[in-house]
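Here the structure comes first, spelled out in structure tokens, and everything after it is commentary.
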Amino acid sequence: MYAPSTPSAQGRYSFGEFTLDVPDRRLTRRASPVHLAPKTYDVLVVLIRRAGRLVTKRELLEGVWPDIFVDEGILTVHVAALRKAFGDRKQSPVYIETVSRSGYRFIAAVTHASASDTATTEPSMWLDREAQR
């Protein structure tokens, strides 16, 4: 299970024109802040941490709402908010792909830089190994 606030989730991720700074809970587009609701932000962190891989609805629900029951429909709301923030479209996605009846996949190229070494970036394959821990 993934918890967005764990220390292993620390770092900065870049994709397209966006930068996600996990320790500061900040998303920017070309250095301008992009405002997201807290749970929408948490959904994004889960997706980014598993970039390029299918994240099932169950994994998202457990990662964002670990101790309470929420309906799967809430994911549609938060993913729609992310798509709006990115200017993404469900029919021709650039960032988030819907996998029918299964979940979602973050499909944009993602680079990662730790909070202590923001000059070094690594491809999303690194994210896959980290997500398995």
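All residue names refer to the structure tokens as shown: chains lettered A, B, ... in order, residues numbered from 1 in each chain, ligands numbered from 1 in order.
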
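Residues lying within 12 Å of A:Leu36, counting only C-alpha atoms and ignoring same-chain neighbours fewer than 5 positions away, are Leu20, Arg25, Arg26, Leu27, Thr28, Tyr41, Asp42, Val43, Leu44, Val45, His78, Val79, Ala80, Ala81, Leu82, Arg83, Lys84, Ala85 and Phe86 of chain A.
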
Would you list the contacts of A:Gly16 as a PDB file with C-alpha atoms, in the first residue's frame, taking every protein, DNA or RNA residue within 10 Å and counting only C-alpha atoms, but skipping same-chain residues closer than 4 positions in sequence?
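Generated file (around-v9.pdb):
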ATOM      1  CA  ARG A  29       3.340  24.786 -14.172  1.00  0.00           C
ATOM      2  CA  ARG A  30       6.272  26.822 -15.462  1.00  0.00           C
ATOM      3  CA  PHE A  86      -3.173  19.569 -16.915  1.00  0.00           C
ATOM      4  CA  VAL A  94      -1.141  13.100 -22.617  1.00  0.00           C
ATOM      5  CA  TYR A  95      -0.842  12.600 -18.854  1.00  0.00           C
ATOM      6  CA  ALA A 108       3.779  11.182 -19.492  1.00  0.00           C
ATOM      7  CA  ALA A 109       7.542  10.888 -19.121  1.00  0.00           C
ATOM      8  CA  VAL A 110       8.506  11.600 -15.517  1.00  0.00           C
ATOM      9  CA  THR A 111      11.872  12.536 -14.095  1.00  0.00           C
TER      10      THR A 111
END

From atom CA of A:His112 to atom CA of A:Glu62 the spacing works out at 23.5 Å

Which residues come within 10 Å of A:Gly103, counting only C-alpha atoms, excluding same-chain residues fewer than 6 positions away, as a ChimeraX atom specification?
-> /A:54-60,72,75-76,97

May I have the residues from that selection written out with C-alpha atoms, as a tab-separated table (two decimals), in the first residue's frame?
chain	number	residue	atom	x	y	z
A	54	LEU	CA	-1.34	0.55	-14.19
A	55	VAL	CA	-2.55	1.73	-10.80
A	56	THR	CA	-5.71	-0.16	-9.97
A	57	LYS	CA	-8.71	1.53	-8.45
A	58	ARG	CA	-8.15	-0.51	-5.30
A	59	GLU	CA	-4.53	0.68	-5.04
A	60	LEU	CA	-5.61	4.29	-5.44
A	72	GLU	CA	-14.81	4.12	-6.59
A	75	LEU	CA	-11.65	8.53	-8.30
A	76	THR	CA	-13.43	9.76	-11.43
A	97	GLU	CA	-4.78	7.17	-19.32

If you run DSSP over the backbone, which residues in stretch 9-79 of chain A end up alpha helix (DSSP H)? Put them as a PyMOL selection string.
-> chain A and resi 38-49+57-64+73-79

Residues of the last selection are to be written out with N, CA and C atoms, as an mmCIF file, in the first residue's frame.
data_model
loop_
_atom_site.group_PDB
_atom_site.id
_atom_site.type_symbol
_atom_site.label_atom_id
_atom_site.label_comp_id
_atom_site.auth_asym_id
_atom_site.auth_seq_id
_atom_site.Cartn_x
_atom_site.Cartn_y
_atom_site.Cartn_z
ATOM 1 N N PRO A 38 -6.739 18.756 -1.665
ATOM 2 C CA PRO A 38 -5.791 17.838 -1.024
ATOM 3 C C PRO A 38 -5.864 16.392 -1.519
ATOM 4 N N LYS A 39 -7.044 15.849 -1.649
ATOM 5 C CA LYS A 39 -7.159 14.456 -2.100
ATOM 6 C C LYS A 39 -6.825 14.312 -3.581
ATOM 7 N N THR A 40 -7.096 15.324 -4.373
ATOM 8 C CA THR A 40 -6.706 15.302 -5.783
ATOM 9 C C THR A 40 -5.190 15.266 -5.875
ATOM 10 N N TYR A 41 -4.544 16.073 -5.051
ATOM 11 C CA TYR A 41 -3.083 16.068 -4.987
ATOM 12 C C TYR A 41 -2.573 14.681 -4.608
ATOM 13 N N ASP A 42 -3.191 14.060 -3.611
ATOM 14 C CA ASP A 42 -2.765 12.732 -3.165
ATOM 15 C C ASP A 42 -2.925 11.683 -4.269
ATOM 16 N N VAL A 43 -3.999 11.774 -5.045
ATOM 17 C CA VAL A 43 -4.180 10.864 -6.181
ATOM 18 C C VAL A 43 -3.032 11.056 -7.166
ATOM 19 N N LEU A 44 -2.665 12.291 -7.425
ATOM 20 C CA LEU A 44 -1.563 12.578 -8.334
ATOM 21 C C LEU A 44 -0.258 11.958 -7.833
ATOM 22 N N VAL A 45 0.019 12.083 -6.555
ATOM 23 C CA VAL A 45 1.256 11.527 -6.001
ATOM 24 C C VAL A 45 1.287 10.010 -6.199
ATOM 25 N N VAL A 46 0.185 9.340 -5.939
ATOM 26 C CA VAL A 46 0.139 7.891 -6.138
ATOM 27 C C VAL A 46 0.414 7.555 -7.604
ATOM 28 N N LEU A 47 -0.227 8.261 -8.515
ATOM 29 C CA LEU A 47 -0.028 7.995 -9.939
ATOM 30 C C LEU A 47 1.410 8.276 -10.369
ATOM 31 N N ILE A 48 1.977 9.370 -9.921
ATOM 32 C CA ILE A 48 3.350 9.738 -10.286
ATOM 33 C C ILE A 48 4.346 8.709 -9.768
ATOM 34 N N ARG A 49 4.155 8.260 -8.546
ATOM 35 C CA ARG A 49 5.064 7.273 -7.951
ATOM 36 C C ARG A 49 5.065 5.956 -8.729
ATOM 37 N N LYS A 57 -7.827 0.719 -9.284
ATOM 38 C CA LYS A 57 -8.713 1.533 -8.448
ATOM 39 C C LYS A 57 -8.519 1.191 -6.979
ATOM 40 N N ARG A 58 -8.354 -0.081 -6.691
ATOM 41 C CA ARG A 58 -8.153 -0.507 -5.300
ATOM 42 C C ARG A 58 -6.865 0.106 -4.728
ATOM 43 N N GLU A 59 -5.791 0.094 -5.505
ATOM 44 C CA GLU A 59 -4.534 0.675 -5.043
ATOM 45 C C GLU A 59 -4.679 2.172 -4.782
ATOM 46 N N LEU A 60 -5.384 2.852 -5.659
ATOM 47 C CA LEU A 60 -5.610 4.287 -5.442
ATOM 48 C C LEU A 60 -6.444 4.529 -4.192
ATOM 49 N N LEU A 61 -7.507 3.780 -4.035
ATOM 50 C CA LEU A 61 -8.364 3.955 -2.855
ATOM 51 C C LEU A 61 -7.590 3.665 -1.576
ATOM 52 N N GLU A 62 -6.807 2.592 -1.565
ATOM 53 C CA GLU A 62 -6.020 2.254 -0.366
ATOM 54 C C GLU A 62 -4.906 3.264 -0.116
ATOM 55 N N GLY A 63 -4.350 3.821 -1.182
ATOM 56 C CA GLY A 63 -3.261 4.776 -1.029
ATOM 57 C C GLY A 63 -3.707 6.144 -0.556
ATOM 58 N N VAL A 64 -4.907 6.559 -0.978
ATOM 59 C CA VAL A 64 -5.379 7.903 -0.650
ATOM 60 C C VAL A 64 -6.341 7.898 0.537
ATOM 61 N N GLY A 73 -16.341 5.818 -7.436
ATOM 62 C CA GLY A 73 -16.716 6.979 -8.225
ATOM 63 C C GLY A 73 -15.948 8.234 -7.850
ATOM 64 N N ILE A 74 -15.438 8.292 -6.627
ATOM 65 C CA ILE A 74 -14.681 9.464 -6.197
ATOM 66 C C ILE A 74 -13.392 9.604 -7.011
ATOM 67 N N LEU A 75 -12.863 8.474 -7.492
ATOM 68 C CA LEU A 75 -11.648 8.529 -8.305
ATOM 69 C C LEU A 75 -11.897 9.274 -9.604
ATOM 70 N N THR A 76 -13.071 9.064 -10.193
ATOM 71 C CA THR A 76 -13.426 9.761 -11.432
ATOM 72 C C THR A 76 -13.407 11.263 -11.225
ATOM 73 N N VAL A 77 -13.913 11.694 -10.087
ATOM 74 C CA VAL A 77 -13.950 13.123 -9.765
ATOM 75 C C VAL A 77 -12.542 13.693 -9.669
ATOM 76 N N HIS A 78 -11.662 12.998 -8.952
ATOM 77 C CA HIS A 78 -10.310 13.509 -8.738
ATOM 78 C C HIS A 78 -9.453 13.417 -10.006
ATOM 79 N N VAL A 79 -9.618 12.358 -10.775
ATOM 80 C CA VAL A 79 -8.871 12.252 -12.031
ATOM 81 C C VAL A 79 -9.350 13.322 -13.011
#

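Among the candidate residues A:Arg89, A:Gly11, A:Ile68, A:Arg53, the one lying nearest to A:Phe106 is A:Arg53, with distances computed using only C-alpha atoms.
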
Could you write out, as a count of residues only, all the residues of stretch 20-81 of chain A that DSSP marks as strand (DSSP E or B)?
-> 12
